[in-house]
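Peer 1: This is coords.txt (compact mmCIF, C-alpha atoms).
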```txt
# COMPACT_ATOMS: atom_id res chain seq x y z
CA MET A 1 0.00 0.00 0.00
CA SER A 2 1.33 3.39 -0.97
CA SER A 3 2.35 5.60 1.96
CA THR A 4 1.88 8.74 -0.12
CA ILE A 5 -1.30 10.73 0.39
CA TRP A 6 -2.87 11.22 -3.02
CA SER A 7 -5.12 14.12 -3.95
CA VAL A 8 -8.47 13.51 -5.60
CA ASP A 9 -7.18 14.99 -8.85
CA GLU A 10 -4.02 12.86 -8.84
CA HIS A 11 -6.00 9.66 -8.31
CA LEU A 12 -8.45 10.50 -11.10
CA GLU A 13 -5.60 11.48 -13.43
CA ASP A 14 -3.91 8.14 -12.74
CA ILE A 15 -7.11 6.26 -13.59
CA LEU A 16 -7.88 8.19 -16.78
CA GLY A 17 -4.28 7.91 -17.89
CA ALA A 18 -4.54 4.12 -17.78
CA VAL A 19 -8.01 3.67 -19.29
CA ARG A 20 -8.25 3.50 -23.08
CA PRO A 21 -11.46 3.73 -25.13
CA LEU A 22 -12.82 0.39 -26.28
CA GLU A 23 -12.16 -0.67 -29.87
CA PRO A 24 -14.93 0.31 -32.34
CA ILE A 25 -17.31 -2.30 -33.73
CA GLU A 26 -20.15 -2.30 -36.27
CA LEU A 27 -23.53 -2.83 -34.60
CA GLN A 28 -27.09 -3.21 -35.77
CA LEU A 29 -29.24 -0.20 -34.85
CA HIS A 30 -31.16 -2.01 -32.13
CA ASP A 31 -27.86 -2.92 -30.43
CA ALA A 32 -26.28 0.53 -30.74
CA GLN A 33 -28.40 2.39 -28.18
CA GLY A 34 -26.20 4.07 -25.58
CA CYS A 35 -23.04 3.66 -27.67
CA VAL A 36 -20.81 6.44 -29.00
CA LEU A 37 -20.32 7.04 -32.72
CA VAL A 38 -16.74 6.89 -33.96
CA GLU A 39 -17.35 8.44 -37.41
CA ASP A 40 -19.53 11.11 -38.97
CA VAL A 41 -22.74 9.83 -40.55
CA ILE A 42 -23.43 11.50 -43.90
CA VAL A 43 -26.92 11.49 -45.42
CA GLN A 44 -27.19 9.53 -48.67
CA ILE A 45 -30.85 10.19 -49.50
CA ALA A 46 -33.23 13.13 -49.20
CA LEU A 47 -35.60 13.08 -46.26
CA PRO A 48 -38.44 13.08 -47.02
CA PRO A 49 -37.52 11.36 -50.31
CA PHE A 50 -40.49 12.93 -52.16
CA ASP A 51 -43.05 15.72 -51.76
CA ASN A 52 -45.80 14.30 -49.56
CA SER A 53 -48.95 15.35 -47.77
CA SER A 54 -48.89 16.32 -44.10
CA MET A 55 -52.71 16.06 -43.87
CA ASP A 56 -55.61 13.86 -44.92
CA GLY A 57 -57.41 15.86 -47.56
CA TYR A 58 -57.36 16.73 -51.25
CA ALA A 59 -54.45 17.53 -53.56
CA VAL A 60 -55.40 20.56 -55.65
CA ARG A 61 -54.17 23.29 -57.94
CA VAL A 62 -54.00 26.67 -56.18
CA ALA A 63 -55.87 28.54 -58.92
CA ASP A 64 -58.87 26.18 -58.67
CA VAL A 65 -59.60 27.10 -55.03
CA ALA A 66 -58.77 30.81 -55.11
CA GLY A 67 -61.53 32.80 -53.42
CA ALA A 68 -63.38 29.71 -52.17
CA ASP A 69 -65.54 30.04 -49.04
CA GLU A 70 -68.47 28.24 -47.45
CA GLU A 71 -71.08 30.31 -49.32
CA PHE A 72 -69.35 29.92 -52.67
CA PRO A 73 -67.25 26.76 -52.48
CA ALA A 74 -64.97 25.61 -55.25
CA VAL A 75 -66.45 22.45 -56.76
CA LEU A 76 -63.77 20.06 -58.02
CA THR A 77 -63.93 16.68 -59.73
CA VAL A 78 -62.24 13.95 -57.66
CA ILE A 79 -60.20 11.76 -60.01
CA GLY A 80 -58.88 9.17 -57.56
CA ASP A 81 -57.15 8.24 -54.31
CA VAL A 82 -53.48 8.56 -53.36
CA ALA A 83 -52.60 6.41 -50.36
CA ALA A 84 -49.40 6.35 -48.30
CA GLY A 85 -47.05 3.83 -49.85
CA SER A 86 -48.45 4.27 -53.36
CA ALA A 87 -46.56 5.76 -56.30
CA GLY A 88 -49.29 8.33 -56.94
CA LEU A 89 -52.46 8.35 -59.00
CA PRO A 90 -53.03 5.19 -61.05
CA GLY A 91 -52.12 5.23 -64.71
CA ASP A 92 -49.77 8.22 -64.41
CA GLN A 93 -52.75 10.53 -64.04
CA SER A 94 -52.16 14.11 -63.01
CA VAL A 95 -54.38 16.70 -61.36
CA GLY A 96 -55.64 19.02 -64.06
CA PRO A 97 -57.76 22.19 -64.03
CA GLY A 98 -60.90 21.76 -61.95
CA GLU A 99 -59.70 18.46 -60.53
CA ALA A 100 -58.59 17.10 -57.14
CA ALA A 101 -57.21 13.86 -55.78
CA ARG A 102 -58.14 12.46 -52.40
CA ILE A 103 -54.83 12.09 -50.50
CA MET A 104 -53.74 10.56 -47.20
CA THR A 105 -51.08 11.73 -44.77
CA GLY A 106 -47.63 10.68 -46.00
CA ALA A 107 -48.81 9.96 -49.55
CA PRO A 108 -46.81 11.44 -52.47
CA LEU A 109 -48.17 14.66 -53.95
CA PRO A 110 -49.52 13.71 -57.40
CA ALA A 111 -48.35 15.40 -60.56
CA GLY A 112 -50.17 18.64 -61.31
CA ALA A 113 -51.12 19.32 -57.68
CA GLU A 114 -49.58 22.29 -55.84
CA ALA A 115 -51.06 22.06 -52.36
CA VAL A 116 -53.23 19.97 -50.06
CA ILE A 117 -56.62 21.06 -48.71
CA PRO A 118 -57.35 19.46 -45.27
CA VAL A 119 -60.51 17.39 -45.33
CA GLU A 120 -61.96 19.67 -42.62
CA TRP A 121 -61.96 22.51 -45.16
CA THR A 122 -64.23 20.50 -47.47
CA ASP A 123 -67.49 18.59 -47.44
CA GLY A 124 -65.55 15.36 -47.75
CA GLY A 125 -67.34 14.56 -50.99
CA THR A 126 -70.66 14.07 -49.22
CA GLY A 127 -72.45 17.12 -50.54
CA ASP A 128 -73.23 18.18 -46.95
CA GLY A 129 -71.45 20.68 -44.66
CA ALA A 130 -67.84 20.66 -43.47
CA ALA A 131 -66.44 17.18 -42.88
CA ASP A 132 -64.58 16.27 -39.68
CA THR A 133 -63.02 13.07 -40.98
CA MET A 134 -62.20 11.18 -44.14
CA LEU A 135 -64.00 7.89 -44.63
CA ALA A 136 -61.84 4.84 -45.29
CA HIS A 137 -61.71 3.82 -48.93
CA ARG A 138 -63.05 0.34 -48.16
CA ALA A 139 -66.01 1.86 -46.34
CA ALA A 140 -66.82 4.45 -49.00
CA PRO A 141 -65.05 3.72 -52.29
CA GLU A 142 -67.34 6.20 -53.94
CA GLY A 143 -65.49 8.93 -52.02
CA ALA A 144 -62.57 8.48 -54.40
CA GLY A 145 -64.71 9.83 -57.22
CA GLY A 146 -67.49 12.35 -57.73
CA GLU A 147 -67.14 15.89 -56.52
CA VAL A 148 -65.77 17.71 -53.52
CA ARG A 149 -66.67 21.18 -52.31
CA VAL A 150 -63.75 23.23 -50.99
CA HIS A 151 -64.51 26.01 -48.49
CA ARG A 152 -61.11 27.76 -48.27
CA PRO A 153 -58.24 28.79 -50.54
CA VAL A 154 -54.61 27.72 -50.05
CA GLU A 155 -51.17 28.89 -51.09
CA ALA A 156 -48.73 26.82 -53.08
CA GLY A 157 -46.95 24.24 -50.89
CA ALA A 158 -49.56 24.36 -48.13
CA HIS A 159 -49.69 21.12 -46.08
CA VAL A 160 -46.95 19.60 -48.21
CA ARG A 161 -43.69 18.24 -46.81
CA ALA A 162 -41.16 19.13 -49.48
CA ARG A 163 -38.55 16.63 -50.64
CA GLY A 164 -35.33 17.16 -48.66
CA SER A 165 -36.94 19.61 -46.23
CA ASP A 166 -35.51 17.57 -43.31
CA VAL A 167 -32.10 16.54 -44.66
CA LYS A 168 -30.49 16.38 -48.10
CA PRO A 169 -27.83 14.09 -49.57
CA GLY A 170 -24.44 15.19 -48.30
CA ASP A 171 -25.79 16.68 -45.07
CA LEU A 172 -24.15 15.70 -41.77
CA ALA A 173 -26.71 13.55 -39.95
CA LEU A 174 -24.72 12.75 -36.80
CA ARG A 175 -21.27 13.81 -35.72
CA ALA A 176 -18.61 11.43 -34.41
CA GLY A 177 -18.76 11.42 -30.61
CA SER A 178 -22.56 11.52 -30.50
CA VAL A 179 -24.27 9.18 -28.06
CA ILE A 180 -26.83 6.99 -29.84
CA GLY A 181 -30.25 7.46 -28.24
CA PRO A 182 -33.81 6.79 -29.45
CA ALA A 183 -33.97 9.93 -31.61
CA GLN A 184 -30.59 9.16 -33.21
CA ILE A 185 -31.67 5.60 -33.96
CA GLY A 186 -34.83 6.97 -35.56
CA LEU A 187 -32.81 9.31 -37.79
CA LEU A 188 -30.38 6.56 -38.79
CA ALA A 189 -33.24 4.28 -39.73
CA ALA A 190 -34.99 7.07 -41.63
CA ILE A 191 -31.95 7.66 -43.83
CA GLY A 192 -31.58 3.95 -44.50
CA ARG A 193 -28.72 2.98 -42.16
CA SER A 194 -29.09 -0.52 -40.71
CA THR A 195 -25.73 -0.56 -38.92
CA VAL A 196 -23.41 2.02 -37.38
CA LYS A 197 -19.79 2.03 -36.21
CA VAL A 198 -19.53 2.72 -32.50
CA ARG A 199 -17.56 2.02 -29.38
CA PRO A 200 -19.51 -0.63 -27.45
CA ARG A 201 -20.95 0.03 -24.02
CA PRO A 202 -18.40 -1.00 -21.37
CA ARG A 203 -19.11 -4.14 -19.36
CA VAL A 204 -18.76 -3.43 -15.65
CA VAL A 205 -18.66 -6.15 -13.01
CA VAL A 206 -19.55 -5.00 -9.47
CA ILE A 207 -18.48 -7.17 -6.53
CA SER A 208 -19.22 -6.40 -2.89
CA THR A 209 -17.25 -8.03 -0.10
CA GLY A 210 -18.00 -8.84 3.52
CA SER A 211 -19.15 -11.87 5.48
CA GLU A 212 -21.72 -9.66 7.20
CA LEU A 213 -23.61 -8.99 3.96
CA VAL A 214 -26.96 -10.61 3.25
CA GLN A 215 -29.04 -10.34 0.09
CA PRO A 216 -32.22 -8.20 0.36
CA GLY A 217 -35.23 -10.40 1.00
CA GLU A 218 -33.38 -12.76 3.32
CA VAL A 219 -33.72 -12.74 7.11
CA LEU A 220 -31.06 -10.86 9.07
CA THR A 221 -29.39 -12.48 12.03
CA GLY A 222 -27.01 -11.00 14.57
CA GLY A 223 -24.29 -8.82 13.09
CA GLN A 224 -25.64 -8.98 9.54
CA ILE A 225 -26.68 -6.16 7.21
CA TYR A 226 -28.19 -6.08 3.76
CA ASP A 227 -25.87 -5.69 0.77
CA SER A 228 -26.86 -2.29 -0.64
CA ASN A 229 -23.57 -1.27 -2.26
CA SER A 230 -23.58 -3.78 -5.09
CA PHE A 231 -27.13 -2.80 -6.04
CA ALA A 232 -26.41 0.94 -5.90
CA LEU A 233 -23.16 0.71 -7.84
CA THR A 234 -24.59 -1.60 -10.49
CA ALA A 235 -27.41 0.88 -11.03
CA ALA A 236 -24.89 3.73 -11.11
CA ALA A 237 -22.84 1.91 -13.75
CA ARG A 238 -25.92 1.48 -15.94
CA ASP A 239 -26.76 5.13 -15.42
CA ALA A 240 -23.27 6.02 -16.62
CA GLY A 241 -23.89 4.10 -19.87
CA ALA A 242 -22.40 0.70 -19.09
CA ILE A 243 -23.69 -2.84 -19.24
CA ALA A 244 -23.43 -3.81 -15.57
CA TYR A 245 -23.27 -7.20 -13.87
CA ARG A 246 -23.80 -7.53 -10.13
CA VAL A 247 -22.04 -10.34 -8.29
CA GLY A 248 -23.46 -11.44 -4.96
CA ALA A 249 -21.49 -10.51 -1.85
CA VAL A 250 -18.26 -12.46 -1.39
CA THR A 251 -17.28 -13.57 2.10
CA ASP A 252 -14.09 -12.39 3.79
CA ASP A 253 -11.85 -14.99 2.23
CA ALA A 254 -8.99 -13.90 -0.02
CA ASP A 255 -8.86 -17.08 -2.10
CA THR A 256 -12.61 -16.98 -2.74
CA LEU A 257 -12.50 -13.33 -3.76
CA ARG A 258 -9.49 -13.85 -6.02
CA ALA A 259 -11.21 -16.79 -7.73
CA THR A 260 -14.45 -14.81 -8.10
CA ILE A 261 -12.67 -11.90 -9.76
CA GLU A 262 -10.77 -14.22 -12.09
CA ASP A 263 -14.03 -15.93 -13.12
CA GLN A 264 -15.61 -12.55 -13.91
CA LEU A 265 -12.79 -11.23 -16.11
CA ILE A 266 -14.19 -12.95 -19.19
CA ARG A 267 -17.14 -10.54 -19.22
CA ALA A 268 -15.50 -7.42 -17.77
CA ASP A 269 -14.05 -4.31 -19.32
CA ILE A 270 -13.70 -2.93 -15.81
CA VAL A 271 -14.10 -4.48 -12.34
CA VAL A 272 -15.38 -2.57 -9.31
CA THR A 273 -15.11 -3.94 -5.80
CA THR A 274 -16.54 -2.37 -2.67
CA GLY A 275 -15.30 -3.02 0.84
CA GLY A 276 -12.13 -4.53 2.24
CA VAL A 277 -9.69 -1.73 1.36
CA SER A 278 -9.11 -0.14 4.77
CA VAL A 279 -6.73 -1.17 7.57
CA GLY A 280 -8.82 -3.79 9.36
CA ALA A 281 -7.77 -7.39 10.00
CA TYR A 282 -10.41 -8.67 7.57
CA ASP A 283 -9.86 -6.26 4.69
CA VAL A 284 -9.95 -9.06 2.17
CA VAL A 285 -9.61 -7.05 -1.05
CA LYS A 286 -6.15 -5.83 -0.09
CA GLU A 287 -5.14 -9.30 0.99
CA ALA A 288 -6.42 -10.88 -2.22
CA LEU A 289 -5.06 -8.33 -4.67
CA SER A 290 -1.99 -6.71 -3.16
CA SER A 291 0.26 -9.36 -4.76
CA VAL A 292 -1.69 -9.95 -7.93
CA GLY A 293 0.90 -8.25 -10.15
CA ASP A 294 3.69 -10.80 -10.48
CA GLU A 295 5.87 -12.40 -13.13
CA ASP A 296 2.89 -14.29 -14.56
CA GLU A 297 1.01 -11.07 -15.26
CA PRO A 298 3.60 -8.40 -16.12
CA GLY A 299 2.31 -4.85 -15.99
CA SER A 300 -0.65 -5.68 -13.78
CA GLY A 301 -1.22 -5.08 -10.10
CA ILE A 302 -3.39 -3.08 -7.71
CA ASP A 303 -2.05 -0.11 -5.77
CA PHE A 304 -3.88 0.62 -2.53
CA ARG A 305 -3.59 4.22 -1.50
CA LYS A 306 -4.95 6.90 0.82
CA LEU A 307 -6.64 9.97 -0.63
CA ALA A 308 -6.96 13.42 0.89
CA MET A 309 -10.76 13.29 0.76
CA GLN A 310 -13.76 12.65 2.95
CA PRO A 311 -15.57 10.33 2.60
CA GLY A 312 -13.57 7.78 0.62
CA LYS A 313 -10.03 7.95 1.98
CA PRO A 314 -9.00 4.33 1.20
CA GLN A 315 -8.93 3.52 -2.54
CA GLY A 316 -7.35 0.96 -4.81
CA PHE A 317 -6.61 1.05 -8.52
CA GLY A 318 -4.73 -1.03 -11.04
CA SER A 319 -5.24 -3.83 -13.54
CA ILE A 320 -5.69 -7.57 -13.31
CA GLY A 321 -5.57 -10.56 -15.60
CA PRO A 322 -4.07 -11.24 -19.03
CA GLU A 323 -6.00 -8.37 -20.64
CA HIS A 324 -4.92 -5.93 -17.90
CA THR A 325 -8.54 -5.24 -17.02
CA PRO A 326 -8.86 -2.07 -14.92
CA LEU A 327 -9.98 -2.66 -11.34
CA LEU A 328 -11.14 0.04 -8.95
CA ALA A 329 -11.40 -0.96 -5.29
CA LEU A 330 -13.79 1.29 -3.37
CA PRO A 331 -14.48 1.62 0.36
CA GLY A 332 -17.30 -0.35 1.91
CA ASN A 333 -19.28 2.38 3.67
CA PRO A 334 -22.32 3.14 1.46
CA VAL A 335 -21.76 6.88 1.07
CA SER A 336 -18.01 6.44 0.61
CA SER A 337 -18.53 3.86 -2.12
CA TYR A 338 -21.13 5.93 -3.94
CA VAL A 339 -19.14 9.17 -3.81
CA SER A 340 -16.05 7.26 -4.95
CA PHE A 341 -17.99 5.80 -7.85
CA GLU A 342 -19.16 9.24 -8.99
CA LEU A 343 -15.68 10.73 -8.75
CA PHE A 344 -13.61 7.88 -10.19
CA VAL A 345 -15.56 4.97 -11.68
CA ARG A 346 -18.06 6.99 -13.68
CA PRO A 347 -15.32 8.97 -15.46
CA ALA A 348 -13.52 5.69 -16.21
CA ILE A 349 -16.67 4.24 -17.76
CA ARG A 350 -17.19 7.35 -19.85
CA ALA A 351 -13.55 7.22 -20.96
CA LEU A 352 -14.00 3.60 -22.07
CA MET A 353 -16.98 4.77 -24.13
CA GLY A 354 -14.75 7.28 -25.90
CA LEU A 355 -16.49 10.37 -24.56
CA GLN A 356 -14.50 13.57 -24.20
CA ASP A 357 -16.46 15.01 -21.27
CA VAL A 358 -16.30 12.27 -18.65
CA ASN A 359 -17.19 14.19 -15.47
CA ARG A 360 -20.51 15.20 -14.01
CA PRO A 361 -21.41 18.86 -14.63
CA THR A 362 -20.51 21.34 -11.93
CA VAL A 363 -22.03 24.70 -11.01
CA ARG A 364 -21.46 27.41 -8.42
CA ALA A 365 -24.19 27.80 -5.82
CA THR A 366 -24.85 29.70 -2.60
CA LEU A 367 -24.67 27.54 0.51
CA ASN A 368 -28.10 27.46 2.16
CA THR A 369 -27.60 26.32 5.76
CA ASP A 370 -28.40 27.48 9.27
CA LYS A 371 -24.86 27.09 10.54
CA ALA A 372 -21.34 26.81 9.19
CA LEU A 373 -20.20 23.52 7.69
CA THR A 374 -16.93 22.18 9.03
CA SER A 375 -14.34 20.28 7.02
CA PRO A 376 -11.03 18.62 8.03
CA SER A 377 -7.96 20.59 7.04
CA GLY A 378 -6.09 19.20 4.05
CA LYS A 379 -8.99 17.06 2.82
CA ARG A 380 -11.51 17.71 0.07
CA GLN A 381 -14.92 17.00 1.55
CA PHE A 382 -17.99 15.94 -0.44
CA LEU A 383 -21.31 16.51 1.31
CA ARG A 384 -24.72 15.48 0.04
CA GLY A 385 -27.05 18.28 -0.95
CA THR A 386 -30.10 19.36 -2.89
CA TYR A 387 -29.59 21.95 -5.61
CA ASP A 388 -32.17 24.63 -6.43
CA ALA A 389 -31.30 25.86 -9.93
CA LYS A 390 -33.88 28.65 -9.85
CA ALA A 391 -32.62 30.11 -6.57
CA GLY A 392 -28.98 29.23 -7.25
CA THR A 393 -28.64 27.59 -3.84
CA VAL A 394 -27.56 24.24 -2.47
CA THR A 395 -28.81 22.82 0.84
CA PRO A 396 -27.00 20.08 2.79
CA VAL A 397 -28.98 16.91 3.55
CA GLY A 398 -27.97 14.48 6.30
CA GLY A 399 -24.74 14.54 8.24
CA SER A 400 -21.17 13.88 7.18
CA GLY A 401 -21.15 10.24 8.30
CA SER A 402 -20.14 7.79 5.57
CA HIS A 403 -22.85 5.30 6.63
CA LEU A 404 -25.81 7.71 6.32
CA ILE A 405 -27.38 6.29 3.18
CA ALA A 406 -30.90 7.66 3.72
CA ALA A 407 -29.75 11.22 3.00
CA LEU A 408 -28.01 10.00 -0.15
CA ALA A 409 -31.37 8.99 -1.60
CA GLN A 410 -32.62 12.57 -1.14
CA ALA A 411 -29.54 14.25 -2.60
CA ASP A 412 -29.15 15.38 -6.20
CA ALA A 413 -25.77 17.06 -5.75
CA LEU A 414 -22.46 16.90 -3.94
CA ILE A 415 -21.23 20.00 -2.11
CA VAL A 416 -17.46 20.33 -2.54
CA LEU A 417 -15.43 21.88 0.28
CA PRO A 418 -11.79 22.30 -0.88
CA GLU A 419 -8.72 21.13 1.04
CA ASP A 420 -7.95 24.61 2.38
CA VAL A 421 -11.48 25.17 3.76
CA ILE A 422 -12.17 24.17 7.35
CA SER A 423 -15.40 26.14 7.74
CA ALA A 424 -18.00 27.22 5.17
CA GLU A 425 -20.40 29.88 6.44
CA PRO A 426 -24.01 30.23 5.28
CA GLY A 427 -24.09 32.19 2.01
CA THR A 428 -20.68 30.92 0.86
CA ASP A 429 -20.22 30.51 -2.89
CA THR A 430 -19.61 26.79 -3.28
CA GLU A 431 -18.74 24.31 -6.03
CA VAL A 432 -21.51 21.78 -6.60
CA ILE A 433 -21.38 18.51 -8.55
CA LEU A 434 -24.77 17.74 -10.10
CA LEU A 435 -25.78 14.08 -9.82
CA ARG A 436 -28.97 14.23 -11.91
```
Output the structure of this file as structure tokens.
Peer 2:
Amino acid sequence: MSSTIWSVDEHLEDILGAVRPLEPIELQLHDAQGCVLVEDVIVQIALPPFDNSSMDGYAVRVADVAGADEEFPAVLTVIGDVAAGSAGLPGDQSVGPGEAARIMTGAPLPAGAEAVIPVEWTDGGTGDGAADTMLAHRAAPEGAGGEVRVHRPVEAGAHVRARGSDVKPGDLALRAGSVIGPAQIGLLAAIGRSTVKVRPRPRVVVISTGSELVQPGEVLTGGQIYDSNSFALTAAARDAGAIAYRVGAVTDDADTLRATIEDQLIRADIVVTTGGVSVGAYDVVKEALSSVGDEDEPGSGIDFRKLAMQPGKPQGFGSIGPEHTPLLALPGNPVSSYVSFELFVRPAIRALMGLQDVNRPTVRATLNTDKALTSPSGKRQFLRGTYDAKAGTVTPVGGSGSHLIAALAQADALIVLPEDVISAEPGTDTEVILLR
């Protein structure tokens, strides 16, 4: 274990300096959600690919409905139907003077037509007053012929989605570095892309340690507590963009832990342990991993170190196994482990994804508290808080104890008290890390 006291920034710099983005792969769209693009996506087709109607109604020539109103409607001959998915009017017909074509939303604008009249601006071909809907063709095939009375004029292009009005060939659809979400997948599909080149989502294995840990749902006996860390950190890894695997709590046995970690390496891009990194007699993670870097695995090994921070002083970082898989060993107290995850593991996950901005956003806020907050000299303290963006304030929740997990559930921010601050008075301008 290193005797040097590391700063928060030094520890994070060491981690990010060792973590390399995952190699790009080609994925089907439905597998690419949450991944990061590694190349620009250029549009190959116009979107929409043809002029089409944005309304159910009638495709008309502008001159034929000029001056139309309810008292003196324009009476047009309906020459046929144009449905979505069709190529237009049958037989290469076009809309001529005094004519209209019944058209559905998304259907191509037929030749000769200049605009679309919404069905609500017509009698719907019934000969009665204004229509409120368009009857299905199968229910009223006669509606595709006969006459329609139009009660309003339109301008050219009205209710028409022009070809290429969304994107045109050669446009930049998505820039390299973009995270693929639902909207991005929709755009890729719309422009005809079935696959995309991305960095895959990192696979994170979370392992909690401690013979005292029991799975939620089981009955507690003397000296036992429920394993909350592995659940919280697995959820946090997924929130960061990873594929996360939770391993049930491992007892305080070095050989068992070492074997468990080795078994998990096949599905891990990064391993996170929680617990067993302090100075107790049963701190199994240190015992299991302190000597892992030997002649059989050159370049690997875990360095256990002390950080000038509160909570989260004991930390471990290094690599393990033939692929030199990064491993971050976090403290076991719930708040310590969660704060450590946010400060160190989340940035590592984001770096594996190939993202440039790996840290949570930070803001400055006014400290809203009844009394001064104290902080140990020489340590950077992270306190839980709730941030009010409208008021520009942050309010502490819970105490400073590293076991106080209830307050963590209420917090949406971390209040940062720097190493040189031992007391922060109410109204102090404070750095705040936003967690949501």
Peer 1: Which one is closest to Ala158 in chain A: A:Val345, A:Ile103, A:Val247, A:Val60? Count only C-alpha atoms.
Peer 2: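 Using only C-alpha atoms, the shortest distance to Ala158 in chain A belongs to A:Val60.
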Peer 1: Would you mind reading off the distance between CA of Leu434 in chain A and CA of Gln310 in chain A, one decimal, in Å?
Peer 2: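 Distance reported for this atom pair: 17.8 Å.
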Peer 1: Give me the residues near Ile15 in chain A as a list in words, where near means some atom within 8 Å (using all atoms listed in the file) and where sequence neighbours in that chain fewer than 4 positions away do not count.
Peer 2: His11, Val19, Phe317, Phe344 and Ala348 of chain A
Peer 1: Kindly provide the residues of range 245-347 of chain A that approach range 353-361 of chain A to within 12 Å, each paired with its closest atom pair and their distance in Å to one decimal, based on all atoms listed in the file, listed by chain and increasing number, as CSV.
Peer 2:
```
residue,atom,partner,partner_atom,distance
A:Asp269,CA,A:Met353,CA,10.7
A:Ile270,CA,A:Met353,CA,11.8
A:Val339,CA,A:Arg360,CA,11.9
A:Phe341,CA,A:Asn359,CA,11.4
A:Glu342,CA,A:Arg360,CA,7.9
A:Leu343,CA,A:Asn359,CA,7.7
A:Phe344,CA,A:Asn359,CA,9.0
A:Val345,CA,A:Asn359,CA,10.1
A:Arg346,CA,A:Val358,CA,7.5
A:Pro347,CA,A:Val358,CA,4.7
```
Peer 1: Could you work out how far CA of Leu435 in chain A lies from CA of Asn368 in chain A, giving the answer in Å with one decimal?
Peer 2: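 These atoms are spaced 18.1 Å apart.
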